[in-house]
Amino acid sequence: MTDQNKKARRTDYQAIFKKAYQLMDEPIIAGNCGELCGYHCCRRIDTDGKRLGMYLLPLEYEYMQAEVVTDYDLHCQQQYKLPPKIKKSYYIYCHLAEGCLRDYRPIQCRTYPFEPHHENGEFSLVIEKEQMHSCVLLKCRSEWRQTFIDGVYQGWLELMKIPIIKYNINYFSKERIAANNIMIQYHAKGDATDGILHTEFFKCK
Ligand code: SF4
Ligand code: SF4
């Protein structure tokens with residue numbers, strides 16, 4: 001690949017990440033949900049004393065986080081179970097005491113409690129049965145803001161334009177299906193209006 005092509009790809013991927021961050025910037029409910037649960041999904045230490053962090057998406061460090069994140073571990077294929085084509089993955093630690101990286105919070109913080117799912121060529125958002133955070137909001141889904149759901153959905157459609165991210169989504173979708181780990185699934189319905197495709201509650205397994 002020529003230097004010019006590399007530069008063009010870098011701009012493309014960065015633009016996709018920036019658009020996804022923007023689309024996924026809506027709060028899940030009106031107000032600050034962290035006040036309901038003591039910022040449970042932002043805790044740094046698990047009950048067993050283990051340090052907690054979060055994985056970045058493939059290329060998210062390179063295109064969005066390199067200048068922001070200072071505390072991370074690099075997980076490699078040899079030591080951790082990663083999808084075969086992903087040779088390394090950034091596992092970052094945030095510092096709630098110094099304030100959330102709000103404007104730069106990673107995709108994983110923006111999408112939770114949704115996960116992207118791709119099955120038989122159809123994209124959906126799912127909530128898994130296995131929950132690490134036991135988010136209190138799972139019991140009051142009717143209060144979730146539609147703009148949050150739409151933004152997360154559209155953000156993932158953007159990110160799927162990056163082949164390695166699509167591969168990652170496909171890999172974990174297959175794992176999820178094999179483990180029967182889908183509790184709730186949201187599919188898109190209807191046509192796009194004003195560029196926003198409204199998602200609708202579809203089924204509860
Ligand atoms: S666990 Fe749920 S309610 Fe608590 S901060 Fe995370 S998303 Fe908000
Ligand atoms: S970046 Fe912010 S939202 Fe994400 S885990 Fe850290 S404190 Fe929570």
# chains A, B, ... in the order shown; residues from 1 in each chain; ligands from 1

$ select_by_dssp --residues "segment 45-111 of chain A" --states "strand (DSSP E or B)" --output "compact mmCIF listing (two decimals) with N, CA and C atoms, in the first residue's frame"
# COMPACT_ATOMS: atom_id res chain seq x y z
N ILE A 45 -12.20 -1.94 40.60
CA ILE A 45 -11.78 -3.19 41.25
C ILE A 45 -13.01 -4.08 41.40
N ARG A 51 -8.28 -6.03 39.33
CA ARG A 51 -8.38 -4.76 38.64
C ARG A 51 -9.26 -4.91 37.40
N MET A 54 -11.50 -2.27 30.43
CA MET A 54 -12.39 -2.59 29.31
C MET A 54 -11.58 -2.69 28.03
N TYR A 55 -12.07 -3.54 27.14
CA TYR A 55 -11.40 -3.69 25.84
C TYR A 55 -11.81 -2.57 24.89
N TYR A 72 -2.97 1.19 30.33
CA TYR A 72 -3.57 0.05 29.62
C TYR A 72 -2.63 -1.13 29.61
N ASP A 73 -3.20 -2.30 29.34
CA ASP A 73 -2.40 -3.49 29.08
C ASP A 73 -2.67 -3.91 27.65
N LEU A 74 -1.67 -4.51 27.06
CA LEU A 74 -1.85 -5.02 25.71
C LEU A 74 -2.01 -6.53 25.81
N HIS A 75 -3.18 -7.02 25.44
CA HIS A 75 -3.43 -8.47 25.51
C HIS A 75 -3.12 -9.09 24.15
N CYS A 76 -2.31 -10.14 24.17
CA CYS A 76 -1.93 -10.77 22.90
C CYS A 76 -2.59 -12.13 22.76
N LYS A 88 -3.67 -8.54 18.76
CA LYS A 88 -3.50 -7.85 20.04
C LYS A 88 -4.74 -7.00 20.31
N SER A 89 -4.99 -6.79 21.61
CA SER A 89 -6.16 -6.01 21.97
C SER A 89 -5.81 -5.11 23.15
N TYR A 90 -6.20 -3.85 23.10
CA TYR A 90 -5.91 -2.90 24.18
C TYR A 90 -6.97 -3.04 25.27
N TYR A 91 -6.50 -3.24 26.50
CA TYR A 91 -7.38 -3.34 27.66
C TYR A 91 -7.07 -2.13 28.53
N ILE A 92 -8.01 -1.18 28.59
CA ILE A 92 -7.68 0.10 29.24
C ILE A 92 -8.34 0.23 30.61

$ residues_around --residues "Ile107 of chain A" --least-positions-apart "6" --cutoff "8 Å" --atoms "only C-alpha atoms" --output "list in words"
Tyr21, Met24, Leu56 and Leu57 of chain A

$ closest_atom_pairs --of "segment 2-62 of chain A" --to "segment 151-159 of chain A" --cutoff "12 Å" --atoms "only C-alpha atoms" --output "tab-separated table"
residue	atom	partner	partner_atom	distance
A:Asp12	CA	A:Leu159	CA	11.1
A:Tyr13	CA	A:Leu159	CA	8.7
A:Gln14	CA	A:Leu159	CA	10.4
A:Ala15	CA	A:Glu158	CA	9.7
A:Ile16	CA	A:Glu158	CA	6.1
A:Phe17	CA	A:Leu159	CA	6.7
A:Lys18	CA	A:Gly155	CA	9.6
A:Lys19	CA	A:Gly155	CA	7.2
A:Ala20	CA	A:Gly155	CA	4.3
A:Tyr21	CA	A:Gly155	CA	7.2
A:Gln22	CA	A:Gly155	CA	8.0
A:Leu23	CA	A:Gly151	CA	4.7
A:Met24	CA	A:Gly151	CA	5.0
A:Asp25	CA	A:Gly151	CA	7.4
A:Glu26	CA	A:Gly151	CA	6.9
A:Pro27	CA	A:Gly151	CA	9.9
A:Ile28	CA	A:Val152	CA	9.9
A:Leu57	CA	A:Leu159	CA	9.7
A:Pro58	CA	A:Leu159	CA	10.4
A:Leu59	CA	A:Leu159	CA	10.6
A:Glu60	CA	A:Leu159	CA	10.2

$ write_last_selection --atoms "C-alpha atoms" --output "mmCIF file, in the first residue's frame"
data_model
loop_
_atom_site.group_PDB
_atom_site.id
_atom_site.type_symbol
_atom_site.label_atom_id
_atom_site.label_comp_id
_atom_site.auth_asym_id
_atom_site.auth_seq_id
_atom_site.Cartn_x
_atom_site.Cartn_y
_atom_site.Cartn_z
ATOM 1 C CA ASP A 12 -11.539 7.225 6.403
ATOM 2 C CA TYR A 13 -11.326 5.120 9.542
ATOM 3 C CA GLN A 14 -10.865 8.136 11.772
ATOM 4 C CA ALA A 15 -13.938 9.769 10.226
ATOM 5 C CA ILE A 16 -15.947 6.582 10.867
ATOM 6 C CA PHE A 17 -14.846 6.429 14.509
ATOM 7 C CA LYS A 18 -15.567 10.123 15.027
ATOM 8 C CA LYS A 19 -19.046 9.767 13.547
ATOM 9 C CA ALA A 20 -19.726 6.691 15.685
ATOM 10 C CA TYR A 21 -18.581 8.510 18.851
ATOM 11 C CA GLN A 22 -20.904 11.367 17.956
ATOM 12 C CA LEU A 23 -23.903 9.129 17.244
ATOM 13 C CA MET A 24 -23.289 7.167 20.437
ATOM 14 C CA ASP A 25 -23.142 10.209 22.660
ATOM 15 C CA GLU A 26 -26.722 10.142 23.949
ATOM 16 C CA PRO A 27 -27.433 9.280 27.599
ATOM 17 C CA ILE A 28 -29.424 6.102 28.113
ATOM 18 C CA LEU A 57 -12.394 -2.227 19.609
ATOM 19 C CA PRO A 58 -9.824 -3.202 16.987
ATOM 20 C CA LEU A 59 -8.184 0.032 15.717
ATOM 21 C CA GLU A 60 -9.948 2.172 18.350
#

$ residues_near_ligand --ligand "ligand 2" --cutoff "8 Å" --atoms "only C-alpha atoms and all ligand atoms" --output "list in words"
Tyr39, Cys41, Cys42, Arg43, Gly53, Met54, Tyr93, Cys94, His95, Leu96, Gly99, Cys100, Leu101, Arg102, Tyr104, Arg105, Pro106, Gln108, Cys109 and Arg110 of chain A

$ residues_near_ligand --ligand "ligand 1" --cutoff "6 Å" --atoms "only C-alpha atoms and all ligand atoms" --output "ChimeraX atom specification"
/A:33-34,36-37,39-41,133,135-137

$ write_last_selection --atoms "N, CA and C atoms" --output "PDB file, in the first residue's frame"
ATOM      1  N   CYS A  33     -27.375   8.152  35.030  1.00  0.00           N
ATOM      2  CA  CYS A  33     -27.709   6.800  35.512  1.00  0.00           C
ATOM      3  C   CYS A  33     -26.689   6.318  36.544  1.00  0.00           C
ATOM      4  N   GLY A  34     -25.473   6.839  36.506  1.00  0.00           N
ATOM      5  CA  GLY A  34     -24.451   6.418  37.472  1.00  0.00           C
ATOM      6  C   GLY A  34     -24.855   6.690  38.917  1.00  0.00           C
ATOM      7  N   LEU A  36     -27.684   6.158  40.137  1.00  0.00           N
ATOM      8  CA  LEU A  36     -28.603   5.108  40.582  1.00  0.00           C
ATOM      9  C   LEU A  36     -27.864   3.910  41.164  1.00  0.00           C
ATOM     10  N   CYS A  37     -26.651   3.687  40.706  1.00  0.00           N
ATOM     11  CA  CYS A  37     -25.983   2.429  41.038  1.00  0.00           C
ATOM     12  C   CYS A  37     -24.572   2.633  41.587  1.00  0.00           C
ATOM     13  N   TYR A  39     -22.174   4.151  40.045  1.00  0.00           N
ATOM     14  CA  TYR A  39     -21.254   4.008  38.899  1.00  0.00           C
ATOM     15  C   TYR A  39     -20.681   2.584  38.828  1.00  0.00           C
ATOM     16  N   HIS A  40     -21.604   1.620  38.865  1.00  0.00           N
ATOM     17  CA  HIS A  40     -21.172   0.221  38.947  1.00  0.00           C
ATOM     18  C   HIS A  40     -20.319  -0.203  37.757  1.00  0.00           C
ATOM     19  N   CYS A  41     -20.712   0.221  36.542  1.00  0.00           N
ATOM     20  CA  CYS A  41     -19.930  -0.247  35.390  1.00  0.00           C
ATOM     21  C   CYS A  41     -18.644   0.558  35.220  1.00  0.00           C
ATOM     22  N   HIS A 133     -22.263  -6.511  34.946  1.00  0.00           N
ATOM     23  CA  HIS A 133     -22.538  -5.319  35.750  1.00  0.00           C
ATOM     24  C   HIS A 133     -23.893  -5.312  36.435  1.00  0.00           C
ATOM     25  N   CYS A 135     -26.717  -4.196  35.503  1.00  0.00           N
ATOM     26  CA  CYS A 135     -27.171  -2.802  35.387  1.00  0.00           C
ATOM     27  C   CYS A 135     -28.621  -2.674  35.854  1.00  0.00           C
ATOM     28  N   VAL A 136     -28.867  -1.724  36.743  1.00  0.00           N
ATOM     29  CA  VAL A 136     -30.221  -1.540  37.282  1.00  0.00           C
ATOM     30  C   VAL A 136     -31.207  -1.129  36.188  1.00  0.00           C
ATOM     31  N   LEU A 137     -30.702  -0.570  35.127  1.00  0.00           N
ATOM     32  CA  LEU A 137     -31.584  -0.092  34.059  1.00  0.00           C
ATOM     33  C   LEU A 137     -32.194  -1.228  33.240  1.00  0.00           C
TER      34      LEU A 137
END
